[in-house]
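S.K.: So here's run_28.cif (mmCIF, N, CA and C atoms).
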```cif
data_final
loop_
_atom_site.label_atom_id
_atom_site.label_comp_id
_atom_site.auth_asym_id
_atom_site.auth_seq_id
_atom_site.Cartn_x
_atom_site.Cartn_y
_atom_site.Cartn_z
N MET A 533 0.84 -1.18 0.00
CA MET A 533 0.00 0.00 0.00
C MET A 533 0.89 1.25 0.00
N ILE A 534 0.40 2.29 -0.60
CA ILE A 534 1.21 3.49 -0.77
C ILE A 534 1.59 4.14 0.56
N PHE A 535 0.76 4.00 1.58
CA PHE A 535 1.11 4.60 2.87
C PHE A 535 2.38 3.97 3.44
N THR A 536 2.57 2.69 3.23
CA THR A 536 3.78 2.01 3.68
C THR A 536 4.98 2.53 2.90
N VAL A 537 4.81 2.71 1.60
CA VAL A 537 5.90 3.23 0.77
C VAL A 537 6.30 4.63 1.25
N ILE A 538 5.31 5.48 1.50
CA ILE A 538 5.60 6.84 1.98
C ILE A 538 6.32 6.79 3.32
N GLU A 539 5.83 5.97 4.22
CA GLU A 539 6.43 5.87 5.55
C GLU A 539 7.88 5.41 5.50
N ARG A 540 8.18 4.45 4.64
CA ARG A 540 9.53 3.88 4.59
C ARG A 540 10.49 4.66 3.69
N ALA A 541 9.97 5.53 2.87
CA ALA A 541 10.79 6.26 1.90
C ALA A 541 11.77 7.19 2.59
N ARG A 542 12.94 7.26 2.04
CA ARG A 542 13.95 8.21 2.53
C ARG A 542 14.00 9.45 1.65
N ARG A 543 13.65 9.26 0.39
CA ARG A 543 13.69 10.36 -0.57
C ARG A 543 12.36 10.43 -1.30
N ARG A 544 12.06 11.60 -1.81
CA ARG A 544 10.82 11.77 -2.57
C ARG A 544 10.78 10.84 -3.76
N ASP A 545 11.93 10.64 -4.39
CA ASP A 545 11.99 9.76 -5.57
C ASP A 545 11.59 8.32 -5.23
N ASP A 546 11.71 7.93 -3.97
CA ASP A 546 11.31 6.59 -3.56
C ASP A 546 9.80 6.38 -3.65
N VAL A 547 9.05 7.47 -3.72
CA VAL A 547 7.58 7.40 -3.73
C VAL A 547 7.01 7.55 -5.14
N VAL A 548 7.78 8.09 -6.05
CA VAL A 548 7.26 8.46 -7.38
C VAL A 548 6.61 7.28 -8.11
N ALA A 549 7.28 6.15 -8.18
CA ALA A 549 6.73 5.00 -8.93
C ALA A 549 5.44 4.50 -8.30
N ALA A 550 5.39 4.44 -6.97
CA ALA A 550 4.17 3.98 -6.30
C ALA A 550 3.03 4.96 -6.53
N TYR A 551 3.32 6.25 -6.49
CA TYR A 551 2.28 7.26 -6.73
C TYR A 551 1.78 7.14 -8.16
N ALA A 552 2.68 6.93 -9.11
CA ALA A 552 2.29 6.75 -10.51
C ALA A 552 1.40 5.52 -10.67
N ASP A 553 1.74 4.44 -9.98
CA ASP A 553 0.90 3.23 -10.04
C ASP A 553 -0.49 3.51 -9.51
N GLU A 554 -0.58 4.28 -8.43
CA GLU A 554 -1.90 4.61 -7.87
C GLU A 554 -2.69 5.49 -8.82
N LEU A 555 -2.01 6.42 -9.49
CA LEU A 555 -2.70 7.25 -10.49
C LEU A 555 -3.22 6.39 -11.63
N ARG A 556 -2.41 5.44 -12.05
CA ARG A 556 -2.79 4.55 -13.15
C ARG A 556 -4.01 3.72 -12.76
N ASN A 557 -4.02 3.20 -11.55
CA ASN A 557 -5.14 2.37 -11.08
C ASN A 557 -6.37 3.21 -10.77
N ASP A 558 -6.15 4.37 -10.21
CA ASP A 558 -7.20 5.36 -9.90
C ASP A 558 -8.47 4.76 -9.31
N PHE A 559 -8.31 3.94 -8.28
CA PHE A 559 -9.50 3.40 -7.63
C PHE A 559 -9.79 4.08 -6.30
N TYR A 560 -9.04 5.13 -5.98
CA TYR A 560 -9.27 5.86 -4.73
C TYR A 560 -10.33 6.92 -4.91
N ASN A 561 -11.09 7.14 -3.87
CA ASN A 561 -12.03 8.25 -3.88
C ASN A 561 -11.28 9.52 -3.46
N PRO A 562 -11.88 10.68 -3.64
CA PRO A 562 -11.18 11.93 -3.31
C PRO A 562 -10.69 12.00 -1.87
N HIS A 563 -11.43 11.42 -0.93
CA HIS A 563 -11.00 11.42 0.47
C HIS A 563 -9.68 10.65 0.63
N GLU A 564 -9.56 9.53 -0.03
CA GLU A 564 -8.32 8.74 0.07
C GLU A 564 -7.14 9.48 -0.56
N TRP A 565 -7.38 10.12 -1.71
CA TRP A 565 -6.30 10.89 -2.32
C TRP A 565 -5.85 12.02 -1.39
N ARG A 566 -6.79 12.62 -0.69
CA ARG A 566 -6.45 13.68 0.26
C ARG A 566 -5.56 13.11 1.37
N ARG A 567 -5.89 11.91 1.86
CA ARG A 567 -5.06 11.27 2.89
C ARG A 567 -3.66 10.95 2.36
N ILE A 568 -3.59 10.44 1.15
CA ILE A 568 -2.29 10.13 0.54
C ILE A 568 -1.45 11.40 0.41
N ASN A 569 -2.07 12.43 -0.15
CA ASN A 569 -1.35 13.68 -0.35
C ASN A 569 -0.92 14.32 0.96
N MET A 570 -1.76 14.24 1.98
CA MET A 570 -1.40 14.81 3.29
C MET A 570 -0.26 14.03 3.93
N ALA A 571 -0.22 12.72 3.72
CA ALA A 571 0.90 11.92 4.25
C ALA A 571 2.21 12.38 3.62
N ILE A 572 2.17 12.70 2.35
CA ILE A 572 3.37 13.19 1.66
C ILE A 572 3.74 14.58 2.16
N VAL A 573 2.76 15.46 2.29
CA VAL A 573 3.02 16.82 2.79
C VAL A 573 3.56 16.77 4.21
N ASP A 574 3.01 15.91 5.05
CA ASP A 574 3.49 15.78 6.43
C ASP A 574 4.94 15.33 6.48
N LYS A 575 5.32 14.48 5.54
CA LYS A 575 6.70 13.97 5.54
C LYS A 575 7.67 14.94 4.89
N TRP A 576 7.27 15.58 3.77
CA TRP A 576 8.19 16.43 3.04
C TRP A 576 7.75 17.89 3.00
N SER A 577 6.66 18.19 2.39
CA SER A 577 6.15 19.57 2.28
C SER A 577 5.22 19.63 1.07
N GLU A 578 4.61 20.80 0.88
CA GLU A 578 3.79 21.03 -0.32
C GLU A 578 4.67 20.91 -1.57
N ALA A 579 5.87 21.44 -1.48
CA ALA A 579 6.80 21.35 -2.61
C ALA A 579 7.14 19.89 -2.91
N GLY A 580 7.28 19.09 -1.87
CA GLY A 580 7.54 17.67 -2.06
C GLY A 580 6.40 16.97 -2.77
N LEU A 581 5.19 17.33 -2.40
CA LEU A 581 4.01 16.76 -3.06
C LEU A 581 3.98 17.16 -4.53
N ARG A 582 4.24 18.42 -4.82
CA ARG A 582 4.26 18.87 -6.22
C ARG A 582 5.34 18.12 -7.01
N TYR A 583 6.49 17.92 -6.40
CA TYR A 583 7.58 17.20 -7.05
C TYR A 583 7.14 15.76 -7.37
N ILE A 584 6.59 15.07 -6.38
CA ILE A 584 6.18 13.67 -6.56
C ILE A 584 5.09 13.56 -7.61
N LYS A 585 4.09 14.44 -7.55
CA LYS A 585 3.02 14.42 -8.56
C LYS A 585 3.58 14.67 -9.96
N GLY A 586 4.44 15.66 -10.08
CA GLY A 586 5.01 15.98 -11.39
C GLY A 586 5.80 14.84 -11.98
N ARG A 587 6.64 14.22 -11.15
CA ARG A 587 7.44 13.09 -11.63
C ARG A 587 6.57 11.88 -11.93
N ALA A 588 5.53 11.66 -11.14
CA ALA A 588 4.63 10.52 -11.37
C ALA A 588 3.89 10.70 -12.70
N TRP A 589 3.36 11.90 -12.95
CA TRP A 589 2.68 12.14 -14.23
C TRP A 589 3.65 12.00 -15.39
N GLN A 590 4.89 12.41 -15.19
CA GLN A 590 5.89 12.27 -16.25
C GLN A 590 6.12 10.79 -16.56
N LEU A 591 6.21 9.96 -15.52
CA LEU A 591 6.35 8.51 -15.74
C LEU A 591 5.17 7.95 -16.53
N LEU A 592 3.97 8.39 -16.19
CA LEU A 592 2.79 7.89 -16.90
C LEU A 592 2.79 8.33 -18.36
N ARG A 593 3.23 9.54 -18.63
CA ARG A 593 3.29 10.02 -20.03
C ARG A 593 4.33 9.25 -20.83
N GLU A 594 5.43 8.90 -20.19
CA GLU A 594 6.50 8.17 -20.89
C GLU A 594 6.11 6.73 -21.18
N GLY A 595 5.19 6.19 -20.39
CA GLY A 595 4.75 4.81 -20.61
C GLY A 595 5.72 3.79 -20.04
N PRO A 596 5.38 2.52 -20.23
CA PRO A 596 6.20 1.44 -19.64
C PRO A 596 7.57 1.32 -20.22
#
```
What does this structure look like when you write it as C-alpha cells?
M.R.:
Amino acid sequence: MIFTVIERARRRDDVVAAYADELRNDFYNPHEWRRINMAIVDKWSEAGLRYIKGRAWQLLREGP
C-alpha cells in the first residue's frame, strides 16, 4: 500500500513510482487521495508533493 511506501521512503523519488501506479489504477475516492497527499506533505512539504506528482505524471506520459 502506498502509505507504507511513503512511511519507509527516505527520498521523494522513492515514492514516485508507487504514486504513478496509484494514479494509473485510480481506484481511490477523493478522500483517500487527500489522505495520501497529506501523508506526503506531512513527511516532506507542499513542494515535495508537487515534485512527486510531477514526476509521477511524467512517468505515466513516458509509458512502460
S.K.: I want to know what sits within 6.5 Å of range 537-551 of chain A, based on all atoms listed in the file, with residues of the same chain fewer than 4 positions away left out; could you give that as a list in words?
M.R.: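 Listing them by chain and then by number gives Met533, Leu555, Arg556, Ile584, Arg587 and Ala588 of chain A.
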S.K.: Now that the selection is made, can you save its residues with N, CA and C atoms as a PDB file, keeping the file's coordinate frame?
M.R.:
```
ATOM      1  N   MET A 533       0.840  -1.180   0.000  1.00  0.00           N
ATOM      2  CA  MET A 533       0.000   0.000   0.000  1.00  0.00           C
ATOM      3  C   MET A 533       0.890   1.250   0.000  1.00  0.00           C
ATOM      4  N   LEU A 555      -2.010   6.420  -9.490  1.00  0.00           N
ATOM      5  CA  LEU A 555      -2.700   7.250 -10.490  1.00  0.00           C
ATOM      6  C   LEU A 555      -3.220   6.390 -11.630  1.00  0.00           C
ATOM      7  N   ARG A 556      -2.410   5.440 -12.050  1.00  0.00           N
ATOM      8  CA  ARG A 556      -2.790   4.550 -13.150  1.00  0.00           C
ATOM      9  C   ARG A 556      -4.010   3.720 -12.760  1.00  0.00           C
ATOM     10  N   ILE A 584       6.590  15.070  -6.380  1.00  0.00           N
ATOM     11  CA  ILE A 584       6.180  13.670  -6.560  1.00  0.00           C
ATOM     12  C   ILE A 584       5.090  13.560  -7.610  1.00  0.00           C
ATOM     13  N   ARG A 587       6.640  14.220 -11.150  1.00  0.00           N
ATOM     14  CA  ARG A 587       7.440  13.090 -11.630  1.00  0.00           C
ATOM     15  C   ARG A 587       6.570  11.880 -11.930  1.00  0.00           C
ATOM     16  N   ALA A 588       5.530  11.660 -11.140  1.00  0.00           N
ATOM     17  CA  ALA A 588       4.630  10.520 -11.370  1.00  0.00           C
ATOM     18  C   ALA A 588       3.890  10.700 -12.700  1.00  0.00           C
TER      19      ALA A 588
END
```
S.K.: Please measure the separation of CA of Ile534 in chain A and atom C of Glu564 in chain A, giving the value in Å to one decimal.
M.R.: 10.3 Å
S.K.: Figure out the distance between CA of Arg566 in chain A and CA of Gly595 in chain A, please, to one decimal in Å.
M.R.: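 A separation of 25.3 Å between them.
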S.K.: Could you find all residues in chain A that DSSP calls alpha helix (DSSP H) from the backbone, and write them as a ChimeraX atom specification?
M.R.: /A:534-540,545-557,562-575,578-594
S.K.: Write the selection just made, keeping N, CA and C atoms, as a short mmCIF file (atom, residue, chain, number, x, y, z; two decimals), in the coordinates of the input?
M.R.:
```
data_model
loop_
_atom_site.label_atom_id
_atom_site.label_comp_id
_atom_site.auth_asym_id
_atom_site.auth_seq_id
_atom_site.Cartn_x
_atom_site.Cartn_y
_atom_site.Cartn_z
N ILE A 534 0.40 2.29 -0.60
CA ILE A 534 1.21 3.49 -0.77
C ILE A 534 1.59 4.14 0.56
N PHE A 535 0.76 4.00 1.58
CA PHE A 535 1.11 4.60 2.87
C PHE A 535 2.38 3.97 3.44
N THR A 536 2.57 2.69 3.23
CA THR A 536 3.78 2.01 3.68
C THR A 536 4.98 2.53 2.90
N VAL A 537 4.81 2.71 1.60
CA VAL A 537 5.90 3.23 0.77
C VAL A 537 6.30 4.63 1.25
N ILE A 538 5.31 5.48 1.50
CA ILE A 538 5.60 6.84 1.98
C ILE A 538 6.32 6.79 3.32
N GLU A 539 5.83 5.97 4.22
CA GLU A 539 6.43 5.87 5.55
C GLU A 539 7.88 5.41 5.50
N ARG A 540 8.18 4.45 4.64
CA ARG A 540 9.53 3.88 4.59
C ARG A 540 10.49 4.66 3.69
N ASP A 545 11.93 10.64 -4.39
CA ASP A 545 11.99 9.76 -5.57
C ASP A 545 11.59 8.32 -5.23
N ASP A 546 11.71 7.93 -3.97
CA ASP A 546 11.31 6.59 -3.56
C ASP A 546 9.80 6.38 -3.65
N VAL A 547 9.05 7.47 -3.72
CA VAL A 547 7.58 7.40 -3.73
C VAL A 547 7.01 7.55 -5.14
N VAL A 548 7.78 8.09 -6.05
CA VAL A 548 7.26 8.46 -7.38
C VAL A 548 6.61 7.28 -8.11
N ALA A 549 7.28 6.15 -8.18
CA ALA A 549 6.73 5.00 -8.93
C ALA A 549 5.44 4.50 -8.30
N ALA A 550 5.39 4.44 -6.97
CA ALA A 550 4.17 3.98 -6.30
C ALA A 550 3.03 4.96 -6.53
N TYR A 551 3.32 6.25 -6.49
CA TYR A 551 2.28 7.26 -6.73
C TYR A 551 1.78 7.14 -8.16
N ALA A 552 2.68 6.93 -9.11
CA ALA A 552 2.29 6.75 -10.51
C ALA A 552 1.40 5.52 -10.67
N ASP A 553 1.74 4.44 -9.98
CA ASP A 553 0.90 3.23 -10.04
C ASP A 553 -0.49 3.51 -9.51
N GLU A 554 -0.58 4.28 -8.43
CA GLU A 554 -1.90 4.61 -7.87
C GLU A 554 -2.69 5.49 -8.82
N LEU A 555 -2.01 6.42 -9.49
CA LEU A 555 -2.70 7.25 -10.49
C LEU A 555 -3.22 6.39 -11.63
N ARG A 556 -2.41 5.44 -12.05
CA ARG A 556 -2.79 4.55 -13.15
C ARG A 556 -4.01 3.72 -12.76
N ASN A 557 -4.02 3.20 -11.55
CA ASN A 557 -5.14 2.37 -11.08
C ASN A 557 -6.37 3.21 -10.77
N PRO A 562 -11.88 10.68 -3.64
CA PRO A 562 -11.18 11.93 -3.31
C PRO A 562 -10.69 12.00 -1.87
N HIS A 563 -11.43 11.42 -0.93
CA HIS A 563 -11.00 11.42 0.47
C HIS A 563 -9.68 10.65 0.63
N GLU A 564 -9.56 9.53 -0.03
CA GLU A 564 -8.32 8.74 0.07
C GLU A 564 -7.14 9.48 -0.56
N TRP A 565 -7.38 10.12 -1.71
CA TRP A 565 -6.30 10.89 -2.32
C TRP A 565 -5.85 12.02 -1.39
N ARG A 566 -6.79 12.62 -0.69
CA ARG A 566 -6.45 13.68 0.26
C ARG A 566 -5.56 13.11 1.37
N ARG A 567 -5.89 11.91 1.86
CA ARG A 567 -5.06 11.27 2.89
C ARG A 567 -3.66 10.95 2.36
N ILE A 568 -3.59 10.44 1.15
CA ILE A 568 -2.29 10.13 0.54
C ILE A 568 -1.45 11.40 0.41
N ASN A 569 -2.07 12.43 -0.15
CA ASN A 569 -1.35 13.68 -0.35
C ASN A 569 -0.92 14.32 0.96
N MET A 570 -1.76 14.24 1.98
CA MET A 570 -1.40 14.81 3.29
C MET A 570 -0.26 14.03 3.93
N ALA A 571 -0.22 12.72 3.72
CA ALA A 571 0.90 11.92 4.25
C ALA A 571 2.21 12.38 3.62
N ILE A 572 2.17 12.70 2.35
CA ILE A 572 3.37 13.19 1.66
C ILE A 572 3.74 14.58 2.16
N VAL A 573 2.76 15.46 2.29
CA VAL A 573 3.02 16.82 2.79
C VAL A 573 3.56 16.77 4.21
N ASP A 574 3.01 15.91 5.05
CA ASP A 574 3.49 15.78 6.43
C ASP A 574 4.94 15.33 6.48
N LYS A 575 5.32 14.48 5.54
CA LYS A 575 6.70 13.97 5.54
C LYS A 575 7.67 14.94 4.89
N GLU A 578 4.61 20.80 0.88
CA GLU A 578 3.79 21.03 -0.32
C GLU A 578 4.67 20.91 -1.57
N ALA A 579 5.87 21.44 -1.48
CA ALA A 579 6.80 21.35 -2.61
C ALA A 579 7.14 19.89 -2.91
N GLY A 580 7.28 19.09 -1.87
CA GLY A 580 7.54 17.67 -2.06
C GLY A 580 6.40 16.97 -2.77
N LEU A 581 5.19 17.33 -2.40
CA LEU A 581 4.01 16.76 -3.06
C LEU A 581 3.98 17.16 -4.53
N ARG A 582 4.24 18.42 -4.82
CA ARG A 582 4.26 18.87 -6.22
C ARG A 582 5.34 18.12 -7.01
N TYR A 583 6.49 17.92 -6.40
CA TYR A 583 7.58 17.20 -7.05
C TYR A 583 7.14 15.76 -7.37
N ILE A 584 6.59 15.07 -6.38
CA ILE A 584 6.18 13.67 -6.56
C ILE A 584 5.09 13.56 -7.61
N LYS A 585 4.09 14.44 -7.55
CA LYS A 585 3.02 14.42 -8.56
C LYS A 585 3.58 14.67 -9.96
N GLY A 586 4.44 15.66 -10.08
CA GLY A 586 5.01 15.98 -11.39
C GLY A 586 5.80 14.84 -11.98
N ARG A 587 6.64 14.22 -11.15
CA ARG A 587 7.44 13.09 -11.63
C ARG A 587 6.57 11.88 -11.93
N ALA A 588 5.53 11.66 -11.14
CA ALA A 588 4.63 10.52 -11.37
C ALA A 588 3.89 10.70 -12.70
N TRP A 589 3.36 11.90 -12.95
CA TRP A 589 2.68 12.14 -14.23
C TRP A 589 3.65 12.00 -15.39
N GLN A 590 4.89 12.41 -15.19
CA GLN A 590 5.89 12.27 -16.25
C GLN A 590 6.12 10.79 -16.56
N LEU A 591 6.21 9.96 -15.52
CA LEU A 591 6.35 8.51 -15.74
C LEU A 591 5.17 7.95 -16.53
N LEU A 592 3.97 8.39 -16.19
CA LEU A 592 2.79 7.89 -16.90
C LEU A 592 2.79 8.33 -18.36
N ARG A 593 3.23 9.54 -18.63
CA ARG A 593 3.29 10.02 -20.03
C ARG A 593 4.33 9.25 -20.83
N GLU A 594 5.43 8.90 -20.19
CA GLU A 594 6.50 8.17 -20.89
C GLU A 594 6.11 6.73 -21.18
#
```
S.K.: Around range 547-558 of chain A, with edges along x, y and z and 5 Å added on all six sides, what centre and edge lengths do you get, in Å to one decimal, as lines of an AutoDock Vina configuration file?
M.R.:
```
center_x = 0.3
center_y = 5.4
center_z = -8.4
size_x = 27.5
size_y = 16.1
size_z = 19.4
```
S.K.: Do you have the CA of Asp574 in chain A-atom C of Leu592 in chain A distance handy?
M.R.: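 Computed distance, CA of Asp574 in chain A to atom C of Leu592 in chain A, equals 25.9 Å.
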